[in-house]
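K.L.:
Structure supplied as data_19.cif; contents: mmCIF, C-alpha atoms.
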```
data_structure
loop_
_atom_site.label_atom_id
_atom_site.label_comp_id
_atom_site.auth_asym_id
_atom_site.auth_seq_id
_atom_site.Cartn_x
_atom_site.Cartn_y
_atom_site.Cartn_z
CA MET E 29 0.00 0.00 0.00
CA ASP E 30 1.19 3.52 -0.81
CA ALA E 31 2.86 4.87 2.35
CA THR E 32 1.69 8.40 1.52
CA LEU E 33 -2.01 7.51 1.23
CA ARG E 34 -2.82 8.45 4.82
CA THR E 35 -1.23 11.88 4.35
CA ARG E 36 -3.09 12.46 1.11
CA LEU E 37 -6.41 11.39 2.63
CA CYS E 38 -5.96 13.80 5.55
CA ALA E 39 -5.04 16.62 3.18
CA ARG E 40 -8.18 15.96 1.16
CA LEU E 41 -10.35 15.97 4.29
CA VAL E 42 -8.87 19.30 5.38
CA ASP E 43 -9.59 20.78 1.94
CA GLU E 44 -13.15 19.44 1.75
CA ILE E 45 -14.34 19.65 5.36
CA GLU E 46 -16.30 22.89 4.86
CA THR E 47 -18.38 21.23 2.14
CA LEU E 48 -19.33 18.16 4.17
CA PRO E 49 -22.53 17.68 6.19
CA PRO E 50 -22.12 18.26 9.97
CA ARG E 51 -21.75 14.58 10.93
CA LEU E 52 -19.18 13.97 8.25
CA GLN E 53 -17.37 17.13 9.33
CA ALA E 54 -17.09 15.75 12.88
CA ALA E 55 -15.86 12.42 11.56
CA ALA E 56 -13.36 14.05 9.21
CA LYS E 57 -11.92 16.21 12.00
CA TYR E 58 -11.50 13.18 14.23
CA VAL E 59 -9.72 11.21 11.52
CA VAL E 60 -7.32 14.09 10.81
CA ASP E 61 -6.60 14.78 14.49
CA ASN E 62 -6.52 11.18 15.76
CA GLY E 63 -5.10 9.12 12.92
CA ASN E 64 -3.28 6.66 15.17
CA ASP E 65 -6.38 5.78 17.21
CA PHE E 66 -8.45 5.63 14.04
CA GLY E 67 -6.03 3.11 12.57
CA LEU E 68 -6.42 0.82 15.59
CA ASP E 69 -10.02 1.14 16.77
CA PRO E 70 -12.98 -0.82 15.37
CA ILE E 71 -15.79 1.16 13.79
CA ARG E 72 -18.07 1.25 16.85
CA VAL E 73 -15.30 2.52 19.10
CA SER E 74 -14.38 5.30 16.66
CA ALA E 75 -18.04 6.24 16.25
CA ARG E 76 -18.52 6.44 20.02
CA LYS E 77 -15.46 8.67 20.42
CA ILE E 78 -16.70 11.02 17.71
CA GLY E 79 -20.32 11.00 18.85
CA VAL E 80 -21.80 9.78 15.58
CA SER E 81 -23.28 6.53 14.32
CA PRO E 82 -21.11 3.83 12.69
CA ASN E 83 -22.99 4.51 9.46
CA THR E 84 -21.45 8.00 9.37
CA LEU E 85 -17.99 6.45 9.13
CA VAL E 86 -19.17 4.18 6.35
CA ARG E 87 -20.47 7.24 4.51
CA LEU E 88 -17.14 9.00 5.01
CA ALA E 89 -15.31 5.99 3.62
CA ARG E 90 -17.51 5.96 0.52
CA HIS E 91 -17.07 9.70 0.10
CA LEU E 92 -13.31 9.08 -0.07
CA GLY E 93 -13.69 6.26 -2.60
CA PHE E 94 -13.55 3.18 -0.33
CA ASP E 95 -16.04 0.33 -0.33
CA SER E 96 -16.01 -0.09 3.45
CA PHE E 97 -14.84 1.33 6.75
CA ASP E 98 -12.02 -1.21 6.90
CA GLY E 99 -10.81 0.04 3.52
CA LEU E 100 -10.57 3.59 4.87
CA ARG E 101 -8.90 2.47 8.09
CA ALA E 102 -6.25 0.34 6.32
CA PRO E 103 -3.97 3.23 5.22
CA PHE E 104 -3.95 4.61 8.75
CA ARG E 105 -3.09 1.20 10.21
CA THR E 106 -0.33 0.64 7.66
CA ALA E 107 1.15 4.10 8.25
CA LEU E 108 1.12 3.50 11.99
CA VAL E 109 3.20 0.33 11.65
CA GLU E 110 5.60 1.89 9.15
CA ARG E 111 6.08 4.98 11.29
CA HIS E 112 6.88 2.85 14.33
CA ASP E 113 9.54 1.00 12.37
CA SER E 114 11.11 4.00 10.67
CA ASP E 115 10.96 6.41 13.62
CA SER E 116 12.31 4.04 16.25
CA GLY E 117 15.42 5.16 18.11
CA ALA E 118 17.22 8.13 16.57
CA THR E 119 16.55 7.18 12.94
CA TRP E 120 14.30 10.16 12.35
CA LEU E 121 16.90 12.54 13.77
CA ARG E 122 19.61 11.20 11.48
CA ARG E 123 17.25 11.46 8.54
CA MET E 124 16.41 15.03 9.47
CA ALA E 125 20.07 15.98 9.96
CA GLY E 126 20.78 14.94 6.37
CA ALA E 127 18.07 17.14 4.90
CA GLY E 128 20.21 20.20 4.18
CA PRO E 129 21.28 23.10 6.42
CA MET E 130 17.85 23.66 7.96
CA GLY E 131 17.46 19.94 8.56
CA ALA E 132 20.80 19.83 10.35
CA ALA E 133 19.87 22.84 12.47
CA GLN E 134 16.44 21.41 13.32
CA ALA E 135 17.97 18.04 14.25
CA LYS E 136 20.35 19.81 16.61
CA VAL E 137 17.68 21.73 18.46
CA ALA E 138 15.33 18.74 18.50
CA GLN E 139 18.01 16.58 20.07
CA ASN E 140 18.66 19.29 22.63
CA GLU E 141 14.98 19.42 23.55
CA LEU E 142 14.84 15.65 23.94
CA ASP E 143 17.93 15.75 26.16
CA ILE E 144 16.44 18.52 28.31
CA VAL E 145 13.17 16.68 28.85
CA GLY E 146 14.89 13.37 29.50
CA ARG E 147 17.34 14.83 32.00
CA SER E 148 14.63 16.78 33.83
CA LEU E 149 12.38 13.74 34.17
CA GLN E 150 15.34 11.70 35.37
CA LEU E 151 15.98 14.27 38.11
CA LEU E 152 12.36 13.99 39.30
CA ARG E 153 12.93 10.93 41.46
CA PRO E 154 9.80 9.10 42.66
CA GLU E 155 10.48 10.02 46.29
CA LEU E 156 10.81 13.69 45.34
CA ALA E 157 7.58 13.61 43.32
CA ALA E 158 5.85 12.01 46.30
CA ALA E 159 7.22 14.64 48.70
CA VAL E 160 6.08 17.53 46.48
CA THR E 161 2.64 15.98 46.07
CA ASP E 162 2.30 15.52 49.83
CA GLU E 163 3.37 19.12 50.50
CA LEU E 164 0.87 20.53 48.03
CA THR E 165 -2.08 18.37 49.04
CA GLY E 166 -1.44 18.84 52.76
CA ALA E 167 -1.05 22.62 52.77
CA ARG E 168 -3.57 25.09 54.13
CA ASN E 169 -2.95 27.26 51.06
CA VAL E 170 -0.61 26.81 48.11
CA TYR E 171 0.80 29.86 46.33
CA VAL E 172 2.48 29.33 42.96
CA THR E 173 4.58 32.17 41.62
CA ALA E 174 6.88 33.12 38.77
CA THR E 175 7.53 36.20 36.67
CA ARG E 176 8.35 37.07 33.07
CA ALA E 177 8.82 34.08 30.73
CA SER E 178 8.45 31.50 33.49
CA TYR E 179 5.08 33.02 34.46
CA THR E 180 3.59 31.00 31.61
CA LEU E 181 4.59 27.82 33.46
CA ALA E 182 3.04 29.02 36.70
CA TYR E 183 -0.15 30.05 34.93
CA TYR E 184 -0.49 26.69 33.22
CA PHE E 185 0.22 24.76 36.40
CA HIS E 186 -2.33 26.82 38.34
CA TYR E 187 -4.96 26.58 35.59
CA VAL E 188 -4.90 22.78 35.67
CA ALA E 189 -3.94 22.04 39.28
CA ARG E 190 -6.63 24.26 40.82
CA MET E 191 -9.19 21.72 39.64
CA ALA E 192 -7.55 19.18 41.95
CA LEU E 193 -6.38 21.71 44.57
CA PRO E 194 -9.08 24.32 45.26
CA ASN E 195 -6.76 26.08 47.74
CA LEU E 196 -4.17 26.84 45.03
CA HIS E 197 -3.49 30.52 44.28
CA LEU E 198 -1.53 32.07 41.41
CA ILE E 199 0.52 35.13 42.40
CA PRO E 200 0.78 37.73 41.06
CA ARG E 201 -2.60 37.68 39.39
CA ASN E 202 -1.98 41.00 37.66
CA MET E 203 0.97 43.26 36.82
CA GLY E 204 1.95 43.72 40.46
CA SER E 205 4.49 41.94 42.62
CA PRO E 206 3.88 38.54 44.21
CA LEU E 207 4.61 40.23 47.55
CA ASP E 208 1.37 42.20 47.16
CA GLU E 209 -0.62 38.98 47.53
CA MET E 210 1.38 37.29 50.29
CA ILE E 211 0.02 39.33 53.20
CA SER E 212 -1.63 36.29 54.79
CA VAL E 213 1.09 33.71 54.05
CA GLY E 214 2.21 31.87 57.15
CA PRO E 215 2.72 28.49 58.84
CA GLY E 216 0.77 25.73 57.12
CA ASP E 217 1.09 27.38 53.71
CA VAL E 218 3.34 26.41 50.79
CA LEU E 219 5.00 28.68 48.25
CA MET E 220 5.91 26.97 44.99
CA ALA E 221 8.25 29.25 43.05
CA MET E 222 9.71 28.89 39.56
CA THR E 223 12.70 30.89 38.35
CA PHE E 224 15.47 30.41 35.80
CA PRO E 225 18.53 32.44 34.79
CA PRO E 226 18.57 35.39 34.98
CA TYR E 227 16.77 34.82 38.29
CA SER E 228 13.86 37.13 39.03
CA ALA E 229 14.40 39.56 41.89
CA GLU E 230 10.65 39.54 42.61
CA THR E 231 10.58 35.76 42.89
CA ILE E 232 13.59 35.78 45.20
CA LYS E 233 11.85 38.34 47.43
CA ALA E 234 8.78 36.11 47.54
CA LEU E 235 10.95 33.14 48.55
CA ARG E 236 12.53 35.12 51.37
CA LEU E 237 9.20 36.41 52.62
CA ALA E 238 7.73 32.91 52.65
CA ARG E 239 10.67 31.65 54.67
CA ALA E 240 10.39 34.59 57.11
CA ARG E 241 6.69 33.81 57.57
CA LYS E 242 7.46 30.13 58.36
CA ALA E 243 5.77 28.85 55.20
CA ARG E 244 7.12 25.80 53.39
CA VAL E 245 9.01 26.47 50.17
CA ILE E 246 9.24 24.45 46.96
CA LEU E 247 11.67 25.73 44.34
CA LEU E 248 11.60 24.66 40.69
CA SER E 249 14.78 25.84 38.98
CA ASP E 250 17.99 24.79 37.28
CA SER E 251 19.97 25.43 40.48
CA GLU E 252 19.28 25.33 44.19
CA LEU E 253 21.58 28.34 44.64
CA VAL E 254 19.54 31.06 42.99
CA ALA E 255 20.53 33.68 45.58
CA PRO E 256 22.02 33.93 49.10
CA ASP E 257 19.81 32.83 51.98
CA ILE E 258 17.43 30.86 49.75
CA ARG E 259 16.91 27.46 51.37
CA PRO E 260 13.95 25.61 49.88
CA ASP E 261 12.37 22.74 51.77
CA LEU E 262 12.08 20.87 48.47
CA PHE E 263 14.14 21.56 45.39
CA VAL E 264 12.95 20.33 41.98
CA GLN E 265 15.82 20.62 39.54
CA VAL E 266 15.25 20.82 35.80
CA SER E 267 17.58 21.16 32.86
CA THR E 268 17.40 24.38 30.84
CA HIS E 269 20.42 24.08 28.53
CA SER E 270 19.75 25.88 25.27
CA THR E 271 21.22 26.20 21.80
CA HIS E 272 20.14 29.85 21.75
CA HIS E 273 20.45 32.80 24.10
CA PHE E 274 17.53 32.01 26.42
CA GLY E 275 17.03 28.90 28.54
CA CYS E 276 14.66 26.19 27.31
CA LEU E 277 11.64 25.49 29.50
CA SER E 278 10.47 22.22 27.92
CA GLY E 279 12.03 20.19 30.74
CA ALA E 280 10.25 22.27 33.36
CA MET E 281 6.94 21.82 31.53
CA ALA E 282 7.40 18.05 31.41
CA VAL E 283 8.11 17.94 35.15
CA LEU E 284 5.03 20.06 35.90
CA ASP E 285 2.88 17.74 33.80
CA CYS E 286 4.14 14.81 35.87
CA LEU E 287 3.30 16.63 39.10
CA LEU E 288 -0.17 17.44 37.77
CA ALA E 289 -0.78 13.76 37.11
CA HIS E 290 0.26 12.92 40.68
CA LEU E 291 -1.98 15.64 42.12
CA VAL E 292 -5.04 14.44 40.24
CA GLN E 293 -4.35 10.87 41.32
CA ALA E 294 -3.81 11.92 44.93
CA GLY E 295 -7.06 13.89 44.87
CA GLY E 296 -9.03 10.72 44.11
CA ASP E 297 -12.75 10.83 43.45
CA GLU E 298 -13.11 14.32 44.93
CA ALA E 299 -10.59 15.79 42.50
CA ARG E 300 -12.12 13.97 39.55
CA ALA E 301 -15.56 15.28 40.54
CA ARG E 302 -14.24 18.86 40.63
CA ILE E 303 -12.62 18.42 37.21
CA ALA E 304 -15.91 17.10 35.82
CA ALA E 305 -17.75 20.08 37.34
CA TYR E 306 -15.30 22.54 35.74
CA GLU E 307 -15.70 20.85 32.36
CA ALA E 308 -19.50 20.78 32.62
CA LEU E 309 -19.62 24.49 33.51
CA ARG E 310 -17.39 25.38 30.56
CA GLU E 311 -19.48 23.34 28.17
CA ASP E 312 -22.73 24.84 29.51
CA TYR E 313 -21.45 28.35 28.85
CA GLY E 314 -19.93 27.61 25.46
CA ALA E 315 -16.27 27.83 26.43
CA TYR E 316 -15.34 25.24 23.82
CA TRP E 317 -16.33 25.19 20.19
CA GLN E 318 -18.32 22.11 19.28
CA PRO E 319 -19.81 21.17 15.90
CA LYS E 320 -23.59 21.22 15.96
CA LEU E 321 -24.66 17.71 15.09
CA PRO E 322 -28.24 16.74 14.36
CA ARG E 323 -29.71 14.15 16.71
CA ILE E 324 -29.34 10.53 15.75
CA ARG E 325 -32.73 8.97 15.11
CA ARG E 326 -32.98 5.49 16.54
#
```
The structure given in the file should be rewritten as structure tokens.

P.N.:
Amino acid sequence: MDATLRTRLCARLVDEIETLPPRLQAAAKYVVDNGNDFGLDPIRVSARKIGVSPNTLVRLARHLGFDSFDGLRAPFRTALVERHDSDSGATWLRRMAGAGPMGAAQAKVAQNELDIVGRSLQLLRPELAAAVTDELTGARNVYVTATRASYTLAYYFHYVARMALPNLHLIPRNMGSPLDEMISVGPGDVLMAMTFPPYSAETIKALRLARARKARVILLSDSELVAPDIRPDLFVQVSTHSTHHFGCLSGAMAVLDCLLAHLVQAGGDEARARIAAYEALREDYGAYWQPKLPRIRR
């Protein structure tokens, strides 16, 4: 089978999606976005994931010139196997490095990103992950802070983790200093701070204030020695080595994702119920775009 057929089918669906009926649009989007799952799942499973009837997938297959659903699924299954074989190990990096000057440059930065993530995850030992999770779930209040570029990490962590930890607060919440929102920090609270070279003076001040107020301190950084008199209770080290002028934050993001998974698991049924409530509220108020599908007549 032509190894490029999956790619060509997806390109055709992208080009034609605006002309398809609503159910076929939903099916086409799923196929384009979830080609690996589509190549493995039987028709009823794919239909359930999309929210359409199995007949819709048969109609999509016929629209694309196949006699059956299995005929449409075959190119995706074949591509999945071939990709696993050809992309195993570092084969894809070597192939990329040989694709001219830009290929060589992209292979270099891609390898660096992989090294950063791998090293950072290696540094997150299971006992450290457990200790951080226990600190966060056992605190009276948790304050997460960062400034400038690393603020994006703090914002993301707070956005997701607050669904498992309702006592989690992002500081600063506006253009002010984190100190402005630490007036009530004290024993029983935890400050989780993120900072990377060049280390933020505002974050360092927040760390010192938390320590002076007898709060527990978790520091996520490339070094435990970000400034004099900074002694975190827990230090989460990540790699930030970069091929350009600014440090890479992909390792820090991977570590935060791991911690989020532990927090949700530690929260148990109560955390999962809060997450479901958040999602239901967002759906009720149209936070997410959804295709309008006609009801299936049974």

K.L.:
Name every residue that the PyMOL selection byres ((chain E and resi 280) around 9) selects in this structure, writing the answer as a list in words with chains first and numbers rising.

P.N.:
Ile144, Val145, Ser148, Leu149, Leu181, Leu248, Ser249, Gln265, Val266, Ser267, Thr268, Cys276, Leu277, Ser278, Gly279, Met281, Ala282, Val283, Leu284 and Asp285 of chain E

K.L.:
Give me, please, the distance in Å between atom CA of Ile258 of chain E and atom CA of Arg236 of chain E, quoted to one decimal.

P.N.:
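Interatomic distance here is 6.7 Å.
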
K.L.:
Going by the chain IDs and residue numbers used in this file, which residues fall under the PyMOL selection byres ((chain E and resi 305-318) around 12)? Write them as a list in words.

P.N.:
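When the PyMOL selection byres ((chain E and resi 305-318) around 12) is applied to the shown file, the picked residues are Pro50, Arg51, Gln53, Ala54, Lys57, Ile78, Gly79, Tyr187, Val188, Ala189, Arg190, Met191, Ala192, Pro194, Glu298, Ala299, Arg300, Ala301, Arg302, Ile303, Ala304, Pro319, Lys320 and Leu321 of chain E.
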
K.L.:
Evaluated on this file, the PyMOL selection byres ((chain E and resi 195) around 9) picks out some residues - which ones are they, written as a short mmCIF file (atom, residue, chain, number, x, y, z; two decimals) with C-alpha atoms, keeping the file's coordinate frame?

P.N.:
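Final file, selection.cif:
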```
data_model
loop_
_atom_site.label_atom_id
_atom_site.label_comp_id
_atom_site.auth_asym_id
_atom_site.auth_seq_id
_atom_site.Cartn_x
_atom_site.Cartn_y
_atom_site.Cartn_z
CA ALA E 167 -1.05 22.62 52.77
CA ARG E 168 -3.57 25.09 54.13
CA ASN E 169 -2.95 27.26 51.06
CA VAL E 170 -0.61 26.81 48.11
CA TYR E 171 0.80 29.86 46.33
CA ARG E 190 -6.63 24.26 40.82
CA LEU E 193 -6.38 21.71 44.57
CA PRO E 194 -9.08 24.32 45.26
CA LEU E 196 -4.17 26.84 45.03
CA HIS E 197 -3.49 30.52 44.28
#
```

K.L.:
Would you mind listing what lies within 12 Å of Pro154 of chain E as a list in words, with only C-alpha atoms counted and same-chain residues fewer than 5 positions away left out?

P.N.:
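The residues satisfying every condition are Leu149, Ala159, Val160, Thr161, Val264, Val283, Cys286, Leu287 and His290 of chain E.
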
K.L.:
Skip Arg101 of chain E itself and residues of its chain fewer than 5 positions away, then list as a list in words all residues within 9 Å of it, counting only C-alpha atoms.

P.N.:
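The filter keeps Phe66, Gly67, Leu68, Asp69, Pro70, Ala89, Ser96 and Thr106 of chain E.
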
K.L.:
Using only the atoms of segment 221-230 of chain E listed in the file, plus 3 Å on each side, state the axis-aligned box centre and edge lengths in Å rounded to one decimal, as JSON.

P.N.:
```
{"center_x": 13.4, "center_y": 34.2, "center_z": 38.9, "size_x": 16.3, "size_y": 16.7, "size_z": 14.3}
```

K.L.:
Between E:Thr47, E:Ser74, E:Thr231, E:Ser270, single out the one closest to Ser178 of chain E, counting only C-alpha atoms.

P.N.:
E:Thr231

K.L.:
Restore all heavy atoms in segment 165-176 of chain E and list the result as a PDB file, in the frame of the given file.

P.N.:
```pdb
ATOM      1  N   THR E 165      -0.744  18.834  48.632  1.00  0.00           N
ATOM      2  CA  THR E 165      -2.080  18.370  49.040  1.00  0.00           C
ATOM      3  C   THR E 165      -2.330  18.569  50.527  1.00  0.00           C
ATOM      4  O   THR E 165      -3.477  18.618  50.962  1.00  0.00           O
ATOM      5  CB  THR E 165      -2.265  16.894  48.679  1.00  0.00           C
ATOM      6  OG1 THR E 165      -1.205  16.118  49.273  1.00  0.00           O
ATOM      7  CG2 THR E 165      -2.246  16.679  47.169  1.00  0.00           C
ATOM      8  N   GLY E 166      -1.269  18.691  51.315  1.00  0.00           N
ATOM      9  CA  GLY E 166      -1.440  18.840  52.760  1.00  0.00           C
ATOM     10  C   GLY E 166      -1.403  20.272  53.251  1.00  0.00           C
ATOM     11  O   GLY E 166      -1.573  20.525  54.455  1.00  0.00           O
ATOM     12  N   ALA E 167      -1.192  21.229  52.355  1.00  0.00           N
ATOM     13  CA  ALA E 167      -1.050  22.620  52.770  1.00  0.00           C
ATOM     14  C   ALA E 167      -2.396  23.280  53.034  1.00  0.00           C
ATOM     15  O   ALA E 167      -3.423  22.915  52.450  1.00  0.00           O
ATOM     16  CB  ALA E 167      -0.300  23.407  51.696  1.00  0.00           C
ATOM     17  N   ARG E 168      -2.373  24.275  53.909  1.00  0.00           N
ATOM     18  CA  ARG E 168      -3.570  25.090  54.130  1.00  0.00           C
ATOM     19  C   ARG E 168      -3.887  25.878  52.860  1.00  0.00           C
ATOM     20  O   ARG E 168      -5.017  25.905  52.390  1.00  0.00           O
ATOM     21  CB  ARG E 168      -3.335  26.041  55.310  1.00  0.00           C
ATOM     22  CG  ARG E 168      -4.526  26.929  55.636  1.00  0.00           C
ATOM     23  CD  ARG E 168      -4.205  27.874  56.761  1.00  0.00           C
ATOM     24  NE  ARG E 168      -3.139  28.824  56.408  1.00  0.00           N
ATOM     25  CZ  ARG E 168      -2.731  29.797  57.209  1.00  0.00           C
ATOM     26  NH1 ARG E 168      -3.273  29.942  58.409  1.00  0.00           N
ATOM     27  NH2 ARG E 168      -1.765  30.622  56.811  1.00  0.00           N
ATOM     28  N   ASN E 169      -2.864  26.554  52.337  1.00  0.00           N
ATOM     29  CA  ASN E 169      -2.950  27.260  51.060  1.00  0.00           C
ATOM     30  C   ASN E 169      -1.659  27.022  50.294  1.00  0.00           C
ATOM     31  O   ASN E 169      -0.588  26.918  50.894  1.00  0.00           O
ATOM     32  CB  ASN E 169      -3.142  28.767  51.251  1.00  0.00           C
ATOM     33  CG  ASN E 169      -4.517  29.119  51.760  1.00  0.00           C
ATOM     34  OD1 ASN E 169      -5.517  28.932  51.063  1.00  0.00           O
ATOM     35  ND2 ASN E 169      -4.584  29.623  52.987  1.00  0.00           N
ATOM     36  N   VAL E 170      -1.776  26.944  48.974  1.00  0.00           N
ATOM     37  CA  VAL E 170      -0.610  26.810  48.110  1.00  0.00           C
ATOM     38  C   VAL E 170      -0.561  28.035  47.201  1.00  0.00           C
ATOM     39  O   VAL E 170      -1.542  28.367  46.534  1.00  0.00           O
ATOM     40  CB  VAL E 170      -0.665  25.532  47.248  1.00  0.00           C
ATOM     41  CG1 VAL E 170       0.536  25.482  46.309  1.00  0.00           C
ATOM     42  CG2 VAL E 170      -0.713  24.289  48.127  1.00  0.00           C
ATOM     43  N   TYR E 171       0.590  28.708  47.202  1.00  0.00           N
ATOM     44  CA  TYR E 171       0.800  29.860  46.330  1.00  0.00           C
ATOM     45  C   TYR E 171       1.851  29.471  45.294  1.00  0.00           C
ATOM     46  O   TYR E 171       2.948  29.026  45.641  1.00  0.00           O
ATOM     47  CB  TYR E 171       1.289  31.063  47.135  1.00  0.00           C
ATOM     48  CG  TYR E 171       0.296  31.526  48.171  1.00  0.00           C
ATOM     49  CD1 TYR E 171       0.300  30.984  49.453  1.00  0.00           C
ATOM     50  CD2 TYR E 171      -0.654  32.498  47.869  1.00  0.00           C
ATOM     51  CE1 TYR E 171      -0.617  31.395  50.408  1.00  0.00           C
ATOM     52  CE2 TYR E 171      -1.578  32.915  48.815  1.00  0.00           C
ATOM     53  CZ  TYR E 171      -1.555  32.356  50.085  1.00  0.00           C
ATOM     54  OH  TYR E 171      -2.471  32.770  51.031  1.00  0.00           O
ATOM     55  N   VAL E 172       1.525  29.616  44.027  1.00  0.00           N
ATOM     56  CA  VAL E 172       2.480  29.330  42.960  1.00  0.00           C
ATOM     57  C   VAL E 172       2.835  30.642  42.291  1.00  0.00           C
ATOM     58  O   VAL E 172       1.961  31.451  41.971  1.00  0.00           O
ATOM     59  CB  VAL E 172       1.907  28.317  41.938  1.00  0.00           C
ATOM     60  CG1 VAL E 172       0.607  28.796  41.327  1.00  0.00           C
ATOM     61  CG2 VAL E 172       2.931  28.023  40.841  1.00  0.00           C
ATOM     62  N   THR E 173       4.146  30.883  42.143  1.00  0.00           N
ATOM     63  CA  THR E 173       4.580  32.170  41.620  1.00  0.00           C
ATOM     64  C   THR E 173       5.731  32.033  40.654  1.00  0.00           C
ATOM     65  O   THR E 173       6.541  31.102  40.747  1.00  0.00           O
ATOM     66  CB  THR E 173       4.975  33.133  42.764  1.00  0.00           C
ATOM     67  OG1 THR E 173       5.160  34.448  42.243  1.00  0.00           O
ATOM     68  CG2 THR E 173       6.269  32.685  43.438  1.00  0.00           C
ATOM     69  N   ALA E 174       5.787  32.969  39.728  1.00  0.00           N
ATOM     70  CA  ALA E 174       6.880  33.120  38.770  1.00  0.00           C
ATOM     71  C   ALA E 174       6.657  34.463  38.085  1.00  0.00           C
ATOM     72  O   ALA E 174       5.580  35.071  38.205  1.00  0.00           O
ATOM     73  CB  ALA E 174       6.898  31.993  37.746  1.00  0.00           C
ATOM     74  N   THR E 175       7.670  34.944  37.395  1.00  0.00           N
ATOM     75  CA  THR E 175       7.530  36.200  36.670  1.00  0.00           C
ATOM     76  C   THR E 175       8.144  36.058  35.281  1.00  0.00           C
ATOM     77  O   THR E 175       8.869  35.114  34.999  1.00  0.00           O
ATOM     78  CB  THR E 175       8.236  37.360  37.403  1.00  0.00           C
ATOM     79  OG1 THR E 175       9.628  37.036  37.559  1.00  0.00           O
ATOM     80  CG2 THR E 175       7.619  37.596  38.774  1.00  0.00           C
ATOM     81  N   ARG E 176       7.815  37.005  34.419  1.00  0.00           N
ATOM     82  CA  ARG E 176       8.350  37.070  33.070  1.00  0.00           C
ATOM     83  C   ARG E 176       8.093  35.757  32.319  1.00  0.00           C
ATOM     84  O   ARG E 176       6.994  35.223  32.394  1.00  0.00           O
ATOM     85  CB  ARG E 176       9.822  37.475  33.112  1.00  0.00           C
ATOM     86  CG  ARG E 176       9.996  38.874  33.714  1.00  0.00           C
ATOM     87  CD  ARG E 176      11.433  39.304  33.824  1.00  0.00           C
ATOM     88  NE  ARG E 176      11.492  40.649  34.362  1.00  0.00           N
ATOM     89  CZ  ARG E 176      11.427  40.941  35.673  1.00  0.00           C
ATOM     90  NH1 ARG E 176      11.335  39.966  36.565  1.00  0.00           N
ATOM     91  NH2 ARG E 176      11.453  42.196  36.080  1.00  0.00           N
TER      92      ARG E 176
END
```
